[in-house]
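Coordinates from input-v7.cif are shown below (mmCIF, C-alpha atoms (C1' of nucleotides)).
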data_entry
#
loop_
_atom_site.label_atom_id
_atom_site.label_comp_id
_atom_site.auth_asym_id
_atom_site.auth_seq_id
_atom_site.Cartn_x
_atom_site.Cartn_y
_atom_site.Cartn_z
CA MET A 1 131.54 108.04 83.13
CA SER A 2 129.71 104.78 83.51
CA ILE A 3 129.82 102.14 80.82
CA LEU A 4 126.13 101.24 81.09
CA ARG A 5 124.40 100.90 77.78
CA TYR A 6 120.89 100.66 79.17
CA ASP A 7 120.47 97.03 78.29
CA ASP A 8 118.33 96.91 81.36
CA ALA A 9 115.48 99.29 81.89
CA MET A 10 115.98 100.54 85.45
CA SER A 11 112.95 102.75 85.04
CA LEU A 12 112.35 103.00 88.78
CA ARG A 13 115.80 104.53 89.16
CA ILE A 14 115.11 106.98 86.34
CA ALA A 15 111.73 107.96 87.74
CA LEU A 16 113.30 108.70 91.13
CA LEU A 17 116.16 110.66 89.57
CA GLY A 18 113.61 112.60 87.52
CA LEU A 19 111.56 113.56 90.55
CA LEU A 20 114.67 114.55 92.52
CA SER A 21 115.90 116.54 89.56
CA VAL A 22 112.68 118.47 89.17
CA SER A 23 111.54 119.06 92.73
CA GLY A 24 114.90 119.18 94.47
CA PRO A 25 115.95 117.21 97.58
CA ALA A 26 113.31 114.93 99.06
CA SER A 27 112.84 112.00 101.43
CA GLY A 28 111.76 108.50 100.51
CA TYR A 29 108.41 109.34 102.02
CA ASP A 30 108.05 112.44 99.85
CA LEU A 31 108.98 110.45 96.75
CA THR A 32 106.49 107.73 97.62
CA LYS A 33 103.80 110.43 97.83
CA LYS A 34 104.81 111.79 94.43
CA PHE A 35 104.54 108.32 92.97
CA GLU A 36 100.97 108.18 94.24
CA THR A 37 99.90 111.63 93.16
CA SER A 38 101.92 112.54 90.12
CA ILE A 39 104.07 110.07 88.22
CA ASN A 40 101.70 107.16 88.87
CA TYR A 41 100.10 107.43 85.43
CA VAL A 42 103.36 106.39 83.78
CA TRP A 43 105.06 104.23 86.45
CA GLN A 44 104.17 102.87 89.88
CA ALA A 45 106.06 101.80 92.95
CA GLY A 46 105.35 101.51 96.65
CA HIS A 47 107.60 102.55 99.51
CA SER A 48 108.84 98.99 99.96
CA GLN A 49 110.41 99.20 96.53
CA ILE A 50 111.50 102.84 96.74
CA TYR A 51 113.43 102.76 100.02
CA PRO A 52 115.82 99.95 99.04
CA GLU A 53 116.30 101.47 95.59
CA LEU A 54 117.29 104.83 97.09
CA ALA A 55 119.86 103.05 99.26
CA LYS A 56 121.36 101.38 96.18
CA MET A 57 121.38 104.64 94.25
CA ALA A 58 123.23 106.34 97.09
CA ALA A 59 125.73 103.49 97.12
CA ASP A 60 126.19 104.01 93.37
CA GLY A 61 126.84 107.73 93.84
CA LEU A 62 123.78 108.92 91.92
CA ILE A 63 122.35 110.64 94.99
CA THR A 64 123.59 111.70 98.44
CA VAL A 65 121.91 111.28 101.82
CA GLU A 66 121.49 113.89 104.54
CA PRO A 67 120.53 111.66 107.44
CA GLU A 68 118.34 112.30 110.44
CA GLY A 69 115.77 115.00 110.00
CA PRO A 70 112.80 115.30 112.42
CA ARG A 71 111.41 111.74 112.46
CA GLY A 72 114.36 109.75 111.28
CA ARG A 73 113.76 111.53 108.00
CA LYS A 74 116.48 111.19 105.38
CA ILE A 75 116.88 113.76 102.64
CA TYR A 76 118.20 112.59 99.28
CA THR A 77 119.84 114.96 96.79
CA ILE A 78 120.72 114.17 93.20
CA THR A 79 124.42 114.38 92.32
CA ARG A 80 126.11 115.52 89.14
CA GLU A 81 126.55 111.83 88.27
CA GLY A 82 122.87 111.25 88.83
CA THR A 83 121.91 114.13 86.58
CA ASP A 84 124.22 112.85 83.85
CA GLU A 85 122.81 109.34 84.12
CA LEU A 86 119.25 110.65 83.86
CA HIS A 87 120.10 112.80 80.85
CA ARG A 88 121.84 109.94 79.09
CA TRP A 89 118.89 107.62 79.66
CA LEU A 90 116.45 110.15 78.27
CA VAL A 91 118.53 110.81 75.17
CA GLU A 92 119.81 107.30 74.44
CA ARG A 93 117.39 104.74 75.79
CA VAL A 94 115.15 103.10 73.22
CA PRO A 95 111.95 102.18 75.11
CA THR A 96 110.82 98.56 75.05
CA ASP A 97 107.25 98.87 76.36
CA PRO A 98 105.97 95.31 76.11
CA VAL A 99 102.18 95.39 76.27
CA ARG A 100 100.72 93.48 79.18
CA SER A 101 97.15 94.57 79.66
CA GLU A 102 94.30 92.62 81.20
CA GLY A 103 91.85 94.88 79.43
CA ALA A 104 93.43 94.13 76.05
CA LEU A 105 93.37 90.42 76.93
CA GLN A 106 89.64 90.66 77.52
CA ALA A 107 89.31 92.45 74.18
CA PHE A 108 91.34 89.67 72.55
CA LEU A 109 89.07 86.95 73.89
CA LEU A 110 85.81 88.88 73.50
CA PRO A 111 84.48 86.62 70.68
CA LEU A 112 84.37 83.72 73.16
CA LEU A 113 81.38 85.43 74.80
CA SER A 114 77.77 85.79 73.73
CA ALA A 115 76.77 89.20 72.39
CA PRO A 116 75.09 90.37 75.65
CA GLU A 117 78.06 89.22 77.74
CA ALA A 118 80.50 90.91 75.37
CA LEU A 119 78.54 94.16 75.58
CA ASP A 120 78.69 93.98 79.37
CA VAL A 121 82.45 93.57 79.28
CA LEU A 122 82.72 96.48 76.86
CA SER A 123 80.72 98.78 79.07
CA ARG A 124 82.94 97.83 82.00
CA LEU A 125 86.01 98.68 79.93
CA THR A 126 84.38 101.96 78.91
CA ALA A 127 83.60 102.84 82.53
CA ALA A 128 87.21 102.15 83.54
CA ALA A 129 88.52 104.35 80.72
CA GLU A 130 86.10 107.13 81.64
CA THR A 131 87.21 107.06 85.26
CA ARG A 132 90.81 107.23 84.18
CA LEU A 133 90.03 110.07 81.78
CA ALA A 134 88.33 112.04 84.54
CA ASP A 135 91.28 111.46 86.91
CA LEU A 136 93.82 112.59 84.35
CA ARG A 137 91.80 115.66 83.39
CA ALA A 138 91.42 116.64 87.04
CA LEU A 139 95.18 116.27 87.50
CA ARG A 140 95.84 118.42 84.45
CA ALA A 141 93.44 121.10 85.66
CA THR A 142 95.23 121.20 89.01
CA LYS A 143 98.58 121.34 87.28
CA LEU A 144 97.52 124.20 85.02
CA ALA A 145 96.00 126.11 87.94
CA LEU A 146 99.06 125.84 90.22
CA HIS A 147 101.57 126.53 87.51
CA GLU A 148 104.26 127.52 89.99
CA SER A 149 107.72 127.22 88.45
CA ASP A 150 108.97 127.11 84.89
CA GLN A 151 109.21 123.36 85.49
CA TRP A 152 105.42 122.94 85.62
CA LYS A 153 105.51 121.24 82.25
CA ILE A 154 107.08 118.11 83.76
CA GLY A 155 104.49 115.40 83.36
CA TYR A 156 102.31 117.54 81.14
CA TYR A 157 103.01 115.77 77.86
CA ALA A 158 102.61 112.34 79.43
CA LEU A 159 99.30 113.50 80.89
CA ASP A 160 98.18 114.57 77.45
CA LEU A 161 99.25 111.20 76.03
CA GLY A 162 97.30 109.38 78.74
CA ILE A 163 94.18 111.44 78.08
CA ARG A 164 94.37 110.73 74.35
CA HIS A 165 94.81 107.01 74.99
CA ALA A 166 91.79 106.97 77.30
CA LEU A 167 89.69 108.76 74.69
CA THR A 168 90.85 106.27 72.06
CA THR A 169 89.85 103.35 74.27
CA ILE A 170 86.38 104.81 74.81
CA ASP A 171 86.03 105.34 71.09
CA TRP A 172 87.15 101.80 70.35
CA ALA A 173 84.65 100.37 72.83
CA ARG A 174 81.75 102.29 71.30
CA HIS A 175 82.78 101.21 67.82
CA THR A 176 83.21 97.58 68.89
CA ALA A 177 79.85 97.50 70.68
CA ALA A 178 78.17 98.75 67.51
CA GLU A 179 79.92 96.03 65.51
CA ILE A 180 78.80 93.30 67.89
CA ASP A 181 75.24 94.52 68.19
CA PRO A 182 74.25 97.02 65.49
CA GLY A 183 70.99 97.55 67.36
CA SER A 184 72.68 99.03 70.42
CA ALA A 185 74.41 101.73 68.38
CA MET B 1 82.97 75.37 91.52
CA SER B 2 86.05 77.17 92.73
CA ILE B 3 85.81 79.97 95.25
CA LEU B 4 88.37 82.18 93.52
CA ARG B 5 87.32 85.79 93.26
CA TYR B 6 90.10 86.88 90.91
CA ASP B 7 91.87 89.00 93.47
CA ASP B 8 94.97 88.00 91.58
CA ALA B 9 95.33 88.52 87.89
CA MET B 10 96.62 85.17 86.61
CA SER B 11 96.54 86.56 83.09
CA LEU B 12 99.09 84.05 81.80
CA ARG B 13 96.75 81.25 82.81
CA ILE B 14 93.83 82.95 81.10
CA ALA B 15 95.81 83.60 77.94
CA LEU B 16 96.78 79.92 77.76
CA LEU B 17 93.22 78.77 78.44
CA GLY B 18 92.01 81.16 75.76
CA LEU B 19 94.40 79.82 73.16
CA LEU B 20 93.56 76.22 74.05
CA SER B 21 89.87 77.04 73.93
CA VAL B 22 90.05 78.63 70.48
CA SER B 23 92.55 76.47 68.64
CA GLY B 24 91.97 73.16 70.39
CA PRO B 25 94.60 70.87 71.93
CA ALA B 26 98.19 72.05 71.63
CA SER B 27 101.67 71.50 73.04
CA GLY B 28 103.69 73.95 75.11
CA TYR B 29 105.80 74.52 72.04
CA ASP B 30 102.74 75.36 69.94
CA LEU B 31 101.48 77.74 72.60
CA THR B 32 104.87 79.43 72.83
CA LYS B 33 104.69 80.01 69.08
CA LYS B 34 101.24 81.49 69.36
CA PHE B 35 102.47 83.83 72.04
CA GLU B 36 105.12 85.04 69.61
CA THR B 37 102.92 85.37 66.57
CA SER B 38 99.45 86.15 67.79
CA ILE B 39 98.63 87.07 71.36
CA ASN B 40 101.92 88.91 71.87
CA TYR B 41 100.32 92.33 71.29
CA VAL B 42 98.29 91.98 74.47
CA TRP B 43 100.42 89.68 76.65
CA GLN B 44 103.87 88.09 76.44
CA ALA B 45 105.56 85.05 77.86
CA GLY B 46 108.47 82.84 76.91
CA HIS B 47 108.58 79.05 77.02
CA SER B 48 110.39 79.16 80.37
CA GLN B 49 107.28 80.69 81.88
CA ILE B 50 104.76 78.72 79.84
CA TYR B 51 105.97 75.16 80.53
CA PRO B 52 105.82 75.39 84.33
CA GLU B 53 102.46 77.17 84.18
CA LEU B 54 100.97 74.39 82.04
CA ALA B 55 102.16 71.85 84.60
CA LYS B 56 100.44 73.81 87.39
CA MET B 57 97.26 74.16 85.36
CA ALA B 58 97.18 70.42 84.75
CA ALA B 59 97.65 69.84 88.48
CA ASP B 60 94.71 72.18 89.09
CA GLY B 61 92.52 70.26 86.66
CA LEU B 62 92.06 73.11 84.19
CA ILE B 63 93.71 71.11 81.41
CA THR B 64 94.69 67.49 80.78
CA VAL B 65 97.94 66.13 79.35
CA GLU B 66 98.33 63.52 76.62
CA PRO B 67 101.98 62.64 77.11
CA GLU B 68 104.61 61.55 74.63
CA GLY B 69 103.96 62.50 71.05
CA PRO B 70 106.76 62.33 68.44
CA ARG B 71 109.59 64.24 70.16
CA GLY B 72 108.58 64.03 73.78
CA ARG B 73 105.72 66.24 72.69
CA LYS B 74 102.91 66.70 75.22
CA ILE B 75 99.44 67.66 74.11
CA TYR B 76 97.32 69.75 76.47
CA THR B 77 93.54 69.86 76.25
CA ILE B 78 91.26 72.28 78.09
CA THR B 79 88.77 70.66 80.50
CA ARG B 80 85.24 71.67 81.34
CA GLU B 81 86.62 73.24 84.52
CA GLY B 82 89.13 75.19 82.48
CA THR B 83 86.44 76.47 80.14
CA ASP B 84 84.31 77.56 83.10
CA GLU B 85 87.24 79.31 84.74
CA LEU B 86 88.03 81.17 81.52
CA HIS B 87 84.43 82.22 81.05
CA ARG B 88 84.10 83.43 84.61
CA TRP B 89 87.29 85.48 84.34
CA LEU B 90 86.10 87.14 81.15
CA VAL B 91 82.71 88.00 82.59
CA GLU B 92 83.68 88.90 86.16
CA ARG B 93 87.23 90.14 86.25
CA VAL B 94 87.64 93.90 86.52
CA PRO B 95 90.96 94.68 84.80
CA THR B 96 93.61 96.55 86.76
CA ASP B 97 96.03 97.56 83.99
CA PRO B 98 98.59 99.63 85.86
CA VAL B 99 100.54 101.70 83.34
CA ARG B 100 104.24 100.98 83.31
CA SER B 101 105.70 102.38 80.13
CA GLU B 102 109.24 103.53 79.46
CA GLY B 103 107.97 105.58 76.55
CA ALA B 104 105.47 107.40 78.76
CA LEU B 105 108.24 107.96 81.30
CA GLN B 106 110.31 109.65 78.61
CA ALA B 107 107.28 111.74 77.72
CA PHE B 108 106.87 112.65 81.39
CA LEU B 109 110.46 113.87 81.69
CA LEU B 110 110.66 115.46 78.23
CA PRO B 111 110.83 119.06 79.59
CA LEU B 112 114.18 118.21 81.21
CA LEU B 113 115.69 118.22 77.71
CA SER B 114 116.57 121.01 75.32
CA ALA B 115 114.19 121.52 72.40
CA PRO B 116 116.42 119.70 69.84
CA GLU B 117 116.97 116.77 72.22
CA ALA B 118 113.26 116.55 72.97
CA LEU B 119 112.44 116.53 69.27
CA ASP B 120 114.91 113.69 68.77
CA VAL B 121 113.24 111.67 71.50
CA LEU B 122 109.83 112.38 69.99
CA SER B 123 110.89 111.19 66.56
CA ARG B 124 112.24 108.01 68.14
CA LEU B 125 108.89 107.45 69.87
CA THR B 126 107.12 108.14 66.58
CA ALA B 127 109.30 105.64 64.73
CA ALA B 128 108.56 102.98 67.36
CA ALA B 129 104.82 103.60 67.10
CA GLU B 130 104.97 103.48 63.31
CA THR B 131 106.78 100.16 63.37
CA ARG B 132 104.20 98.78 65.75
CA LEU B 133 101.38 100.14 63.60
CA ALA B 134 102.83 98.46 60.52
CA ASP B 135 103.23 95.15 62.38
CA LEU B 136 99.67 95.20 63.66
CA ARG B 137 98.23 96.13 60.27
CA ALA B 138 100.19 93.34 58.60
CA LEU B 139 98.86 90.90 61.18
CA ARG B 140 95.30 92.09 60.61
CA ALA B 141 95.69 91.78 56.85
CA THR B 142 96.90 88.19 57.26
CA LYS B 143 94.05 87.45 59.63
CA LEU B 144 91.44 88.86 57.26
CA ALA B 145 92.93 87.00 54.30
CA LEU B 146 93.05 83.58 56.01
CA HIS B 147 89.68 83.88 57.62
CA GLU B 148 89.38 80.12 58.14
CA SER B 149 86.88 79.33 60.89
CA ASP B 150 84.04 81.26 62.46
CA GLN B 151 86.51 81.85 65.29
CA TRP B 152 88.69 84.12 63.14
CA LYS B 153 87.50 87.13 65.14
CA ILE B 154 89.54 86.05 68.17
CA GLY B 155 92.14 88.74 68.61
CA TYR B 156 90.52 90.99 66.04
CA TYR B 157 89.11 93.59 68.44
CA ALA B 158 92.34 93.74 70.42
CA LEU B 159 94.23 94.23 67.17
CA ASP B 160 91.93 97.13 66.32
CA LEU B 161 92.50 98.61 69.78
CA GLY B 162 96.27 98.31 69.37
CA ILE B 163 96.15 100.00 65.96
CA ARG B 164 94.09 102.87 67.35
CA HIS B 165 96.48 103.32 70.24
CA ALA B 166 99.48 103.38 67.92
CA LEU B 167 97.79 106.02 65.74
CA THR B 168 97.00 108.05 68.85
CA THR B 169 100.64 107.93 69.96
CA ILE B 170 101.81 109.12 66.54
CA ASP B 171 99.29 111.93 66.64
CA TRP B 172 100.35 112.93 70.13
CA ALA B 173 104.03 113.00 69.11
CA ARG B 174 103.31 115.24 66.11
CA HIS B 175 101.23 117.56 68.26
CA THR B 176 103.84 117.67 71.02
CA ALA B 177 106.69 118.34 68.59
CA ALA B 178 104.74 121.28 67.18
CA GLU B 179 104.20 122.60 70.70
CA ILE B 180 107.90 122.36 71.56
CA ASP B 181 109.12 123.86 68.31
CA PRO B 182 106.39 125.62 66.33
CA GLY B 183 108.90 125.99 63.46
CA SER B 184 109.14 122.24 62.87
CA ALA B 185 105.39 121.92 62.36
"C1'" DT C 1 125.15 59.70 55.29
"C1'" DC C 2 125.61 63.60 57.76
"C1'" DC C 3 124.34 67.63 59.67
"C1'" DA C 4 121.93 72.17 60.16
"C1'" DG C 5 117.93 73.70 61.90
"C1'" DA C 6 113.43 73.30 63.45
"C1'" DC C 7 111.02 70.77 66.98
"C1'" DA C 8 110.44 70.00 71.90
"C1'" DT C 9 110.96 70.20 76.98
"C1'" DG C 10 112.85 71.58 80.93
"C1'" DT C 11 115.66 74.11 84.95
"C1'" DC C 12 117.97 77.86 87.35
"C1'" DA C 13 119.59 82.33 88.76
"C1'" DC C 14 118.38 86.81 88.93
"C1'" DC C 15 115.55 90.87 88.90
"C1'" DT C 16 111.18 93.42 89.65
"C1'" DT C 17 106.91 93.98 91.87
"C1'" DT C 18 103.30 93.17 95.48
"C1'" DT C 19 101.65 92.44 100.04
"C1'" DA C 20 102.18 92.00 104.64
"C1'" DC C 21 104.60 92.64 108.72
"C1'" DA C 22 107.12 95.60 111.97
"C1'" DT C 23 108.44 99.69 114.35
"C1'" DG C 24 108.82 104.16 115.92
"C1'" DT C 25 107.96 109.74 116.04
"C1'" DC C 26 105.62 113.99 115.94
"C1'" DT C 27 101.40 117.12 116.00
"C1'" DG C 28 96.82 118.91 116.52
"C1'" DG C 29 92.59 118.64 118.72
"C1'" DC C 30 89.71 117.09 122.46
"C1'" DG D 1 97.56 114.78 128.92
"C1'" DC D 2 96.21 111.53 125.57
"C1'" DC D 3 95.55 109.62 121.45
"C1'" DA D 4 94.31 109.30 116.46
"C1'" DG D 5 96.45 109.88 112.41
"C1'" DA D 6 99.89 111.54 109.51
"C1'" DC D 7 104.83 111.16 109.16
"C1'" DA D 8 108.72 108.11 108.43
"C1'" DT D 9 111.62 103.97 107.58
"C1'" DG D 10 112.50 99.59 107.05
"C1'" DT D 11 112.36 93.94 106.04
"C1'" DA D 12 110.75 89.67 104.12
"C1'" DA D 13 108.14 86.27 101.66
"C1'" DA D 14 105.98 85.25 97.48
"C1'" DA D 15 104.66 85.93 92.83
"C1'" DG D 16 105.65 87.22 88.25
"C1'" DG D 17 108.93 87.71 84.51
"C1'" DT D 18 113.66 87.46 81.82
"C1'" DG D 19 117.69 85.28 80.01
"C1'" DA D 20 120.81 81.76 79.91
"C1'" DC D 21 121.87 77.06 80.22
"C1'" DA D 22 121.01 72.20 79.24
"C1'" DT D 23 119.40 68.34 76.67
"C1'" DG D 24 117.59 65.55 73.28
"C1'" DT D 25 114.78 64.26 68.63
"C1'" DC D 26 113.34 64.35 64.02
"C1'" DT D 27 113.54 65.83 58.97
"C1'" DG D 28 115.01 67.50 54.65
"C1'" DG D 29 118.52 68.63 51.67
"C1'" DA D 30 123.44 68.60 50.22
#

Output the structure of this file as structure tokens.
Amino acid sequence: MSILRYDDAMSLRIALLGLLSVSGPASGYDLTKKFETSINYVWQAGHSQIYPELAKMAADGLITVEPEGPRGRKIYTITREGTDELHRWLVERVPTDPVRSEGALQAFLLPLLSAPEALDVLSRLTAAAETRLADLRALRATKLALHESDQWKIGYYALDLGIRHALTTIDWARHTAAEIDPGSA
Amino acid sequence: MSILRYDDAMSLRIALLGLLSVSGPASGYDLTKKFETSINYVWQAGHSQIYPELAKMAADGLITVEPEGPRGRKIYTITREGTDELHRWLVERVPTDPVRSEGALQAFLLPLLSAPEALDVLSRLTAAAETRLADLRALRATKLALHESDQWKIGYYALDLGIRHALTTIDWARHTAAEIDPGSA
DNA sequence: TCCAGACATGTCACCTTTTACATGTCTGGC
DNA sequence: GCCAGACATGTAAAAGGTGACATGTCTGGA
């Protein structure tokens, strides 16, 4: 039993434990792929961050390594300790989530611009949100179609949350554009 | 005319330029306060990040320093170059906004928990969103009441966006709780 | 007069994240 | 047989961000 009280976030660790817990043993390469294609709408990391973190996690006993597959491939498996740690984080951790958004910063400073400029910025923000919305919906469609195990719901709720947030952003932009230039509504 | 193409975000710089542009000359201490009380719902920074950044910005000619007020106080004023830089960022910069949210990560991994545990996590996320909603609404009320200059709208749209996002999160949590345990709806 | 507390600036160590560099293996198609 | 491209792992420098430490000044109220 570790004495950690989650004063620090260690979200990368949790994300990796989560993926290993759901999909079973995997290599750093596999996990990097999953970061790109699945969990990336809640957390991101590249391989240069993932490989060293996996090494530390193995040293801490949260996962084990099966070295030397085909191409120097290393397979990581979550341990009982790792599973416990993950569970405890999910149940106990109070999320901090400081907002740090360039888009919101542009929204904040929008009144510094002329009306036409502001409308341009808003349509750019709308376009970005629409792209994101389309991406998330495509992902959800794929997820629903595949539907393999009983664990298919992993990521589903977060996907739904992301879709709702994108819709909200689009709505906000339309509303704000109408407020800035009633004619363009 | 600088040749920067905003490949890097430099949002802290922009936030500081924005505050200096709107409220006029200010000290690092003043700006730190404004980060705490006003812009903090779109970007955060402590004085240990702000002081060195102001020094760099002065070296880059974006602001000037009037040294030695009452208590070693230094007053920074935005220059023409700084104003231009700010304007160009607002008009040209395409926001990146990678999502990195502990709350969304918990949502992602929610199906790893039992129904009662998941409902607990959801009510914690709801409580956090409600607190944030209350904070943002209080801020908006203050803003609307004061209403001093014609520049009072700075931050207003971002505040609206934040409120909408908080409402969306609360809605999502209610919906998700009902999906996990139809009885608790 | 003293002193708590706001005012005010700064540094440093540490952690996380990004980007670039560096290297090597296996497979499928031409 | 070769070679492009996916597979696979790593390191390192730099930038961004957090938290603690360090120091000193001014003001209002007891």

Check: Contacts of Gly155 in chain A at 7 Å or less, counting all atoms listed in the file, minus same-chain residues fewer than 4 places along, as a count of residues only?
Finding: 3

Notebook entry, point to check: When the PyMOL selection byres ((chain B) within 12 of (chain C)) is applied to the file above, which residues end up in the set, as an MDAnalysis selection string?
Noted result: chainID B and resid 8:9 27:33 47:52 54:55 67:75 98 100

Note to self: Suppose a student applies the PyMOL selection byres ((chain A and resi 179) around 12) to this structure; what residues should they get, written as a PyMOL selection string?
What the structure shows: (chain A and resi 111+115+118-119+122+172-178+180-185) or (chain B and resi 153+156-157)

Next item on the list: Show me which bits of chain B are within 7 Å of chain A, counting only C-alpha atoms, as a PyMOL selection string.
Entry: chain B and resi 11+18+41-44+90-91+95-97+99-109+111+117+121+153-158+161+164-165+168+172

Residue by residue, what does the PyMOL selection byres ((chain A and resi 77) around 10) grab here? Present the result as a tab-separated table (two decimals) with C-alpha atoms, in the coordinates of the input.
chain	number	residue	atom	x	y	z
A	17	LEU	CA	116.16	110.66	89.57
A	20	LEU	CA	114.67	114.55	92.52
A	21	SER	CA	115.90	116.54	89.56
A	24	GLY	CA	114.90	119.18	94.47
A	25	PRO	CA	115.95	117.21	97.58
A	26	ALA	CA	113.31	114.93	99.06
A	27	SER	CA	112.84	112.00	101.43
A	58	ALA	CA	123.23	106.34	97.09
A	62	LEU	CA	123.78	108.92	91.92
A	63	ILE	CA	122.35	110.64	94.99
A	64	THR	CA	123.59	111.70	98.44
A	65	VAL	CA	121.91	111.28	101.82
A	66	GLU	CA	121.49	113.89	104.54
A	74	LYS	CA	116.48	111.19	105.38
A	75	ILE	CA	116.88	113.76	102.64
A	76	TYR	CA	118.20	112.59	99.28
A	78	ILE	CA	120.72	114.17	93.20
A	79	THR	CA	124.42	114.38	92.32
A	80	ARG	CA	126.11	115.52	89.14
A	82	GLY	CA	122.87	111.25	88.83

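Here is the contact set of chain D against chain B, at 8 Å and counting only C-alpha atoms (C1' of nucleotides): DG17, DT25 and DC26 of chain D.
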
With C-alpha atoms (C1' of nucleotides) retained, export the selected residues as a PDB file, in the coordinates of the input.
ATOM      1  C1'  DG D  17     108.930  87.710  84.510  1.00  0.00           C
ATOM      2  C1'  DT D  25     114.780  64.260  68.630  1.00  0.00           C
ATOM      3  C1'  DC D  26     113.340  64.350  64.020  1.00  0.00           C
TER       4       DC D  26
END

Next item on the list: Measure the distance from CA of Phe35 in chain A to CA of Ala59 in chain A in Å and round it to one decimal.
Entry: 22.1 Å

Check: Looking at A:Glu130, A:Asp60, A:Glu53, A:Asp135, which one is nearest to Arg13 in chain A, with distances taken over only C-alpha atoms?
Finding: A:Glu53

Item checked: Gap from CA of Lys143 in chain A to CA of Ser23 in chain A - Å, one decimal -> 14.2 Å

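The coordinates place CA of Thr37 in chain B at 13.5 Å from CA of Arg132 in chain B.
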
Final N, CA and C atoms of range 56-69 of chain A as a short mmCIF file (atom, residue, chain, number, x, y, z; two decimals), in the coordinates of the input:
data_model
loop_
_atom_site.label_atom_id
_atom_site.label_comp_id
_atom_site.auth_asym_id
_atom_site.auth_seq_id
_atom_site.Cartn_x
_atom_site.Cartn_y
_atom_site.Cartn_z
N LYS A 56 120.44 101.84 97.23
CA LYS A 56 121.36 101.38 96.18
C LYS A 56 121.87 102.55 95.35
N MET A 57 120.97 103.49 95.06
CA MET A 57 121.38 104.64 94.25
C MET A 57 122.41 105.48 94.98
N ALA A 58 122.25 105.60 96.30
CA ALA A 58 123.23 106.34 97.09
C ALA A 58 124.57 105.61 97.06
N ALA A 59 124.51 104.29 97.17
CA ALA A 59 125.73 103.49 97.12
C ALA A 59 126.43 103.65 95.77
N ASP A 60 125.63 103.86 94.71
CA ASP A 60 126.19 104.01 93.37
C ASP A 60 126.60 105.45 93.06
N GLY A 61 126.39 106.35 94.02
CA GLY A 61 126.84 107.73 93.84
C GLY A 61 125.92 108.61 93.01
N LEU A 62 124.71 108.12 92.73
CA LEU A 62 123.78 108.92 91.92
C LEU A 62 123.06 109.97 92.76
N ILE A 63 122.98 109.70 94.06
CA ILE A 63 122.35 110.64 94.99
C ILE A 63 123.15 110.63 96.29
N THR A 64 122.96 111.66 97.12
CA THR A 64 123.59 111.70 98.44
C THR A 64 122.50 111.73 99.50
N VAL A 65 122.87 111.32 100.71
CA VAL A 65 121.91 111.28 101.82
C VAL A 65 122.31 112.28 102.89
N GLU A 66 121.31 113.03 103.36
CA GLU A 66 121.49 113.89 104.54
C GLU A 66 120.68 113.23 105.63
N PRO A 67 121.32 112.49 106.52
CA PRO A 67 120.53 111.66 107.44
C PRO A 67 119.94 112.47 108.58
N GLU A 68 118.90 111.87 109.16
CA GLU A 68 118.34 112.30 110.44
C GLU A 68 117.72 113.69 110.46
N GLY A 69 116.62 113.84 109.79
CA GLY A 69 115.77 115.00 110.00
C GLY A 69 114.84 114.69 111.15
#
